[in-house]
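Asker: I am attaching a structure below and will ask some questions about it afterwards.
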Amino acid sequence: MRINEHPILTFDRGKEISFTFNGQPMKGYEGETIAAALHAAGVKVLAKSAEKHRPRGFYCAIGNCASCQMVVDGEPNVRTCITLLKEGMKVETQEGKGRIV
Amino acid sequence: MFEKTGVATREMVMTKFPPIERINRGPVAVVECYQKIPCNPCQTACPVGAIAIGDDINNIPVRDEEKCGGCGVCVAKCPGLSIMIVDGSKSDETVEFRIPYEFLPLPEAGEMVTGLDRAGKPICRAKVIRVMNPAAFDRTPVITLEVAREYLYDFRNFKREV
Amino acid sequence: MKEVELLIIGSGPAGLCAAVSAAESGAKVLVLERTFKPGGQLIKQTHMFFGSESQYASHRGVDIAGILLDKVKEYGDRIEIMLNCTAVGFYEDNVVTVLRDEKEYFKIKAKSIICATGAYEKSLAFPNNDLPGIYGAGAVQTLMNVYGIRPGNRVLMVGAGNIGVIVSYQLMQAGIEVAAVLDAAPRIGAYLVHASKLARMGVPILTSHTVKEAIGTDCLEAAIVCEVDDKFRPIPGTEKRYDVDVMCISVGLSPLNELLAMRGVEMKYVGQLSGYVPMRTENCETSIPGIFVAGDASGIEEASSAMAEGYLAGLCAAASLGHVPEDFEQRRREYLKQLDGLRSGPVGDRIRAGMAISKL
């Protein structure tokens, strides 16, 4: 899913980063967001809606809508489309409204 | 029709081409800009002042076919990629086109490609003569192609055959 | 609490130009950016911009971001950009509350404020429109042009405005198939040169078409589209199925300016500008003195206008703080002239009508 050759752009990916998604080991690159790294790995479903448990992916990718909110390192409602991936991050699908306390 | 499909009609296209005598004399720009939009880099880029927009940036560019020497600087500068160079001076059977092409992989000189019309429909085969991609073109390569004369007013794009 | 002279919310084309312009006059500027990268939506624009040299026409948006950030650096002692900072509140005493790194809150008090918060992509109502794989067209542009990741294999583009056709072209540059571009309107809304670029690649542009429903369980698998009549009602029997794993929604933008509404500036719904916008003077000042607006937050236009407005708002905000350069009036008139030019043609009809309604 990654673009390697592009007529206009060059993509200088940072160093490889290891993280987990629902316990599964995954790889991404420094400088990309959690949602981008997951999408590159083929993960499109990031959360389940509160009432009808429908699958949720990202929608705006600029931190504006709430569609990409996931549980990151135990913290719910993290906007994964604007949050950078970090080494060792624990990323989990968010089920409905996150429990804050 | 144009406003529904983005495909200019033959009548519209003909208004942008200079007379065939001019095309046969040597390269000249065909500026396929049909809509008044706020844009003027073609006028700014032309080194001989052959493209005029005037004080209102929304005016449709007018190319002076006598001043224009077909240098092609405008081709890579037009944000709408609406300009091409046509040259009918090389042979009686063919015309040369220079068109912008921002896709990878680029074709190579000598390669045969499929010629497309303004709706992307295959209409002929064409031979790649030259691929120009200097830094000054800022990642808008310009491809020179040799096309049979009968497609002068229809040819507008190409696709590689590999 | 942090105290600043001029606070600019947003580091897109309007915000960056405002910062440069104000700093040039001598103002001390703090710019807030909610993501980790300045430049707003410029950073994903790989196409050459329209306009004139004054708005960097013929340069690619992504490179314009670089040009503007270089200018910001020239005024490094007067411009600070704070990244990962989302402005979440704007109060009567000109205090703005900010969420940093999704974790901590802090306050900023400013003497003058320019709201350059941009816009957000509208959604479209149809069954299953919430399936993953259905994204804003701008979101797909971010994924592919900022991160170099393909959104999928085959795309249906909904909306034939400038964003819809430009993103379609860029999808093809990234090696992704575009099945079709559709729009409920009877005519293409985009600049027709953009539409022609796409048409000659063989991509069908279907006007008077809409999405009837999306199909899929966990993710998008197909879309059913149909024709609409001149009153935008679906025509039965015209349904077509497109097997696509991505659908891009590009049905327009809405100004993002809740902060100004919260502060209490006079707002008005102006359809021509695509939503609620603040009333403002020709100098971009809202109904509350010292509070300015620039770019899409004041009504949806092109990036070229956002930059010209940014320069104007920065100049005038700095002047309101006492930083009046000798050539103030000359520069003010120059920016107004640029804006007039960008809005004067037939594609600017709608904008001019909207500006007239929202003028103080």
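Just remember, in the structure tokens the first chain shown is A, the second B, etc., residues are 1-based per chain, and ligands are 1-based in the order shown.
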How close does each residue of chain C get to chain B, giving the shortest atom pair and distance in Å to one decimal for every residue with an atom at most 7 Å away, counting only C-alpha atoms, sorted by chain and residue number, as a tab-separated table?
Answerer:
```
residue	atom	partner	partner_atom	distance
C:Met48	CA	B:Pro79	CA	4.8
C:Phe49	CA	B:Pro79	CA	6.0
C:Phe50	CA	B:Cys39	CA	5.0
C:Gly51	CA	B:Cys39	CA	4.2
C:Ser52	CA	B:Asn40	CA	5.6
C:Ala57	CA	B:Pro41	CA	6.4
C:Ser58	CA	B:Pro79	CA	5.5
C:Gln173	CA	B:Phe103	CA	5.6
C:Pro186	CA	B:Lys4	CA	6.7
C:Arg187	CA	B:Lys4	CA	4.9
C:Ile188	CA	B:Glu3	CA	5.6
C:Leu192	CA	B:Gly6	CA	6.0
C:Val193	CA	B:Gly80	CA	5.0
C:His194	CA	B:Gly80	CA	5.8
C:Ala195	CA	B:Gly6	CA	5.0
C:Ser196	CA	B:Gly6	CA	4.6
C:Ala199	CA	B:Ala119	CA	5.1
C:Arg200	CA	B:Gly120	CA	3.9
C:Met201	CA	B:Gly120	CA	4.8
C:Gly202	CA	B:Gly120	CA	3.8
C:Ile205	CA	B:Thr5	CA	5.6
C:Thr207	CA	B:Lys4	CA	5.9
C:Gly341	CA	B:Ile57	CA	6.1
C:Leu342	CA	B:Pro38	CA	5.3
C:Gly345	CA	B:Asn58	CA	5.3
C:Pro346	CA	B:Lys36	CA	6.7
C:Val347	CA	B:Ile37	CA	6.4
```
Asker: Give me, as a list of chain:residue names, all polymer residues having an atom no more than 8 Å from A:Gly88, counting only C-alpha atoms and skipping those fewer than 6 positions away in the same chain.
Answerer: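 Using only C-alpha atoms, the neighbours found are A:Ile17, A:Ser18, A:Phe19, A:Thr20.
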Asker: I need the chosen residues saved as an mmCIF file, in the first residue's frame, with N, CA and C atoms.
Answerer:
```cif
data_model
loop_
_atom_site.group_PDB
_atom_site.id
_atom_site.type_symbol
_atom_site.label_atom_id
_atom_site.label_comp_id
_atom_site.auth_asym_id
_atom_site.auth_seq_id
_atom_site.Cartn_x
_atom_site.Cartn_y
_atom_site.Cartn_z
ATOM 1 N N ILE A 17 9.548 1.878 12.954
ATOM 2 C CA ILE A 17 9.037 1.902 14.324
ATOM 3 C C ILE A 17 8.170 0.660 14.550
ATOM 4 N N SER A 18 8.340 0.041 15.711
ATOM 5 C CA SER A 18 7.505 -1.116 16.056
ATOM 6 C C SER A 18 6.411 -0.667 17.012
ATOM 7 N N PHE A 19 5.203 -1.152 16.762
ATOM 8 C CA PHE A 19 4.092 -0.868 17.683
ATOM 9 C C PHE A 19 3.153 -2.063 17.647
ATOM 10 N N THR A 20 2.142 -2.054 18.499
ATOM 11 C CA THR A 20 1.181 -3.155 18.439
ATOM 12 C C THR A 20 -0.208 -2.611 18.153
#
```
Asker: Would you pick out the contacts of B:Arg98 at 9 Å or less, using only C-alpha atoms, so that residues sharing its chain but fewer than 6 positions from it are not included, and give the list as a PDB file with N, CA and C atoms, in the first residue's frame?
Answerer:
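Contents of part04.pdb, as written:
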```pdb
ATOM      1  N   GLY B  72       7.986  26.592 -26.182  1.00  0.00           N
ATOM      2  CA  GLY B  72       7.422  25.593 -25.273  1.00  0.00           C
ATOM      3  C   GLY B  72       7.605  25.870 -23.789  1.00  0.00           C
ATOM      4  N   VAL B  75       4.420  25.468 -21.794  1.00  0.00           N
ATOM      5  CA  VAL B  75       3.767  24.153 -21.669  1.00  0.00           C
ATOM      6  C   VAL B  75       3.855  23.620 -20.242  1.00  0.00           C
ATOM      7  N   ILE B  83      -1.721  23.754 -22.421  1.00  0.00           N
ATOM      8  CA  ILE B  83      -0.979  24.195 -23.607  1.00  0.00           C
ATOM      9  C   ILE B  83      -0.187  23.047 -24.226  1.00  0.00           C
ATOM     10  N   MET B  84      -0.193  22.994 -25.563  1.00  0.00           N
ATOM     11  CA  MET B  84       0.685  22.051 -26.278  1.00  0.00           C
ATOM     12  C   MET B  84       1.296  22.795 -27.456  1.00  0.00           C
ATOM     13  N   ILE B  85       2.402  22.249 -27.972  1.00  0.00           N
ATOM     14  CA  ILE B  85       3.062  22.825 -29.144  1.00  0.00           C
ATOM     15  C   ILE B  85       2.807  21.898 -30.324  1.00  0.00           C
ATOM     16  N   VAL B  86       2.393  22.465 -31.449  1.00  0.00           N
ATOM     17  CA  VAL B  86       2.241  21.649 -32.659  1.00  0.00           C
ATOM     18  C   VAL B  86       3.217  22.168 -33.714  1.00  0.00           C
ATOM     19  N   ASP B  87       3.743  21.238 -34.488  1.00  0.00           N
ATOM     20  CA  ASP B  87       4.757  21.575 -35.482  1.00  0.00           C
ATOM     21  C   ASP B  87       4.533  20.709 -36.728  1.00  0.00           C
ATOM     22  N   ARG B 130      11.114  12.631 -28.174  1.00  0.00           N
ATOM     23  CA  ARG B 130      11.985  13.199 -27.164  1.00  0.00           C
ATOM     24  C   ARG B 130      11.249  13.304 -25.834  1.00  0.00           C
ATOM     25  N   VAL B 142       7.875  17.243 -20.553  1.00  0.00           N
ATOM     26  CA  VAL B 142       7.218  17.527 -21.823  1.00  0.00           C
ATOM     27  C   VAL B 142       7.705  16.499 -22.842  1.00  0.00           C
ATOM     28  N   ILE B 143       6.741  15.822 -23.471  1.00  0.00           N
ATOM     29  CA  ILE B 143       7.048  14.719 -24.374  1.00  0.00           C
ATOM     30  C   ILE B 143       6.763  15.155 -25.812  1.00  0.00           C
ATOM     31  N   THR B 144       7.738  14.931 -26.695  1.00  0.00           N
ATOM     32  CA  THR B 144       7.523  15.210 -28.126  1.00  0.00           C
ATOM     33  C   THR B 144       7.109  13.903 -28.802  1.00  0.00           C
ATOM     34  N   LEU B 145       6.005  13.971 -29.549  1.00  0.00           N
ATOM     35  CA  LEU B 145       5.501  12.772 -30.222  1.00  0.00           C
ATOM     36  C   LEU B 145       5.230  13.057 -31.689  1.00  0.00           C
TER      37      LEU B 145
END
```
Asker: Report the closest atom pair, with its distance in Å rounded to one decimal, for each residue of chain C that has an atom no farther than 10 Å from chain A; count only C-alpha atoms, sort by chain and then rising residue number, and write it as a tab-separated table.
Answerer:
```
residue	atom	partner	partner_atom	distance
C:Arg34	CA	A:Gly63	CA	7.9
C:Thr35	CA	A:Ile82	CA	5.9
C:Phe36	CA	A:Ile82	CA	7.3
C:Lys37	CA	A:Ile82	CA	9.6
C:Gly40	CA	A:Ile62	CA	9.0
C:Gln41	CA	A:Ile62	CA	8.9
C:Lys44	CA	A:Leu9	CA	9.9
C:Thr46	CA	A:Ile8	CA	6.7
C:His47	CA	A:Ile8	CA	8.7
C:Arg60	CA	A:Ile8	CA	9.3
C:Val62	CA	A:Leu9	CA	9.3
C:Asn84	CA	A:Ile82	CA	8.6
C:Thr86	CA	A:Gly63	CA	9.5
C:Asp101	CA	A:Thr83	CA	8.3
C:Glu102	CA	A:Val78	CA	7.4
C:Lys103	CA	A:Val78	CA	9.9
C:Ala119	CA	A:Asn64	CA	9.5
C:Tyr120	CA	A:Asn64	CA	7.2
C:Glu121	CA	A:Cys60	CA	7.0
C:Lys122	CA	A:Cys60	CA	9.5
C:Ser123	CA	A:Tyr59	CA	9.3
C:Asn128	CA	A:Arg54	CA	9.7
C:Asp130	CA	A:Arg56	CA	6.8
C:Leu131	CA	A:Arg56	CA	6.5
C:Pro132	CA	A:Gly57	CA	4.3
C:Gly133	CA	A:Gly57	CA	7.1
C:Ile134	CA	A:Tyr59	CA	7.1
C:Tyr135	CA	A:Tyr59	CA	4.6
C:Gly136	CA	A:Cys60	CA	5.5
C:Ala137	CA	A:Cys60	CA	8.3
C:Gly138	CA	A:Cys60	CA	7.0
C:Ala139	CA	A:Ala61	CA	4.7
C:Val140	CA	A:Ala61	CA	7.9
C:Gln141	CA	A:Ala61	CA	9.2
C:Thr142	CA	A:Ala61	CA	6.9
C:Leu143	CA	A:Ala36	CA	6.4
C:Met144	CA	A:Ile3	CA	7.7
C:Asn145	CA	A:Leu9	CA	7.5
C:Val146	CA	A:Phe11	CA	8.2
C:Tyr147	CA	A:Glu32	CA	6.4
C:Gly148	CA	A:Ile3	CA	5.0
C:Ile149	CA	A:Arg2	CA	4.4
C:Arg150	CA	A:Met1	CA	5.1
C:Pro151	CA	A:His39	CA	7.5
C:Gly152	CA	A:Met1	CA	7.3
C:Asn153	CA	A:Met1	CA	8.9
C:Gln170	CA	A:Ile8	CA	9.7
C:Gln173	CA	A:Pro7	CA	6.8
C:Ala174	CA	A:His6	CA	6.2
C:Gly175	CA	A:Ile3	CA	8.5
C:Thr217	CA	A:Pro55	CA	8.5
C:Asp218	CA	A:Pro55	CA	6.0
C:Cys219	CA	A:Lys44	CA	7.4
C:Leu220	CA	A:Lys44	CA	9.9
C:Cys248	CA	A:Tyr59	CA	9.5
C:Ile249	CA	A:Tyr59	CA	9.4
C:Leu256	CA	A:Asn64	CA	9.6
```
Asker: Name the residues of stretch 52-102 of chain B that fall into helix (DSSP H, G or I) according to DSSP on the backbone, using the chain letters and numbers of this document, as a PyMOL selection string.
Answerer: chain B and resi 73-77
Asker: Could you check which of B:Glu161, B:Asp154, B:Glu146, B:Glu21 is closest to B:Glu96, using only C-alpha atoms?
Answerer: B:Glu146
Asker: Rounded to one decimal in Å, what is the spacing between atom CA of C:Ile79 and atom CA of C:Lys28?
Answerer: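 Between atom CA of C:Ile79 and atom CA of C:Lys28 the gap works out to 6.2 Å.
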Asker: What lies within 8 Å of C:Val158 using only C-alpha atoms, ignoring chain neighbours under 6 positions off, as a PyMOL selection string?
Answerer: chain C and resi 164+181-183+210-211+247-251
Asker: Write out the residues from the selection above, keeping C-alpha atoms, as a PDB file, in the first residue's frame.
Answerer:
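again10.pdb, written as the output of this step:
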```pdb
ATOM      1  CA  GLY C 164     -12.672  16.330  -6.646  1.00  0.00           C
ATOM      2  CA  VAL C 181     -16.079  11.181 -10.998  1.00  0.00           C
ATOM      3  CA  LEU C 182     -19.697  12.048 -10.377  1.00  0.00           C
ATOM      4  CA  ASP C 183     -21.574  15.150  -9.375  1.00  0.00           C
ATOM      5  CA  THR C 210     -25.381  10.806  -7.195  1.00  0.00           C
ATOM      6  CA  VAL C 211     -24.594   7.973  -4.784  1.00  0.00           C
ATOM      7  CA  MET C 247     -15.039   6.440  -2.199  1.00  0.00           C
ATOM      8  CA  CYS C 248     -13.913  10.036  -1.859  1.00  0.00           C
ATOM      9  CA  ILE C 249     -16.460  12.609  -0.781  1.00  0.00           C
ATOM     10  CA  SER C 250     -15.766  16.006  -2.231  1.00  0.00           C
ATOM     11  CA  VAL C 251     -19.027  17.875  -1.968  1.00  0.00           C
TER      12      VAL C 251
END
```
Asker: Go through C:Ser208, C:Asn257, C:Ser298, C:Ser304 one by one, measure the shortest atom-to-atom distance of each to C:Asp340 using only C-alpha atoms, and give the residue with the smallest value.
Answerer: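 Ranked by minimum distance to C:Asp340, first place goes to C:Ser304.
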Asker: Could you work out how far atom CA of C:Leu68 lies from atom CA of C:Cys17, giving the answer in Å with one decimal?
Answerer: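 Interatomic distance here is 7.0 Å.
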Asker: Can you list, as a list in words, every protein, DNA or RNA residue that comes within 10 Å of A:Thr93 when you count only C-alpha atoms, leaving out same-chain residues fewer than 2 positions away?
Answerer: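 So, after excluding close chain neighbours, the residues are Phe21, Asn22, Val45, Leu46, Ala47, Lys48, Pro55, Arg56, Cys68, Gln69, Met70, Val71, Val72, Pro76, Val91, Glu95 and Gly96 of chain A.
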Asker: Would you save the residues of that selection, restricted to C-alpha atoms, as a CSV table (one decimal), in the first residue's frame?
Answerer:
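Saved to out_24.csv:
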```csv
chain,number,residue,atom,x,y,z
A,21,PHE,CA,-2.4,-3.1,17.1
A,22,ASN,CA,-4.8,-5.1,19.3
A,45,VAL,CA,-11.4,-0.2,10.8
A,46,LEU,CA,-10.1,1.9,13.7
A,47,ALA,CA,-13.1,1.9,16.1
A,48,LYS,CA,-16.7,0.8,16.6
A,55,PRO,CA,-17.1,0.0,12.0
A,56,ARG,CA,-15.3,3.4,11.9
A,68,CYS,CA,-10.4,7.9,13.9
A,69,GLN,CA,-10.4,8.0,17.7
A,70,MET,CA,-8.6,5.0,19.2
A,71,VAL,CA,-7.2,3.8,22.5
A,72,VAL,CA,-3.5,4.5,22.6
A,76,PRO,CA,-9.1,6.6,24.8
A,91,VAL,CA,-2.8,0.9,19.8
A,95,GLU,CA,-15.3,0.3,21.3
A,96,GLY,CA,-17.8,3.2,21.5
```
Asker: Which residues come within 9 Å of B:Val113, counting only C-alpha atoms, excluding same-chain residues fewer than 3 positions away, as a PyMOL selection string?
Answerer: chain B and resi 107+124-128+158-162
Asker: One number please: atom CA of C:Leu7 to atom CA of C:Tyr269, in Å, one decimal.
Answerer: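 Between atom CA of C:Leu7 and atom CA of C:Tyr269 the gap works out to 25.7 Å.
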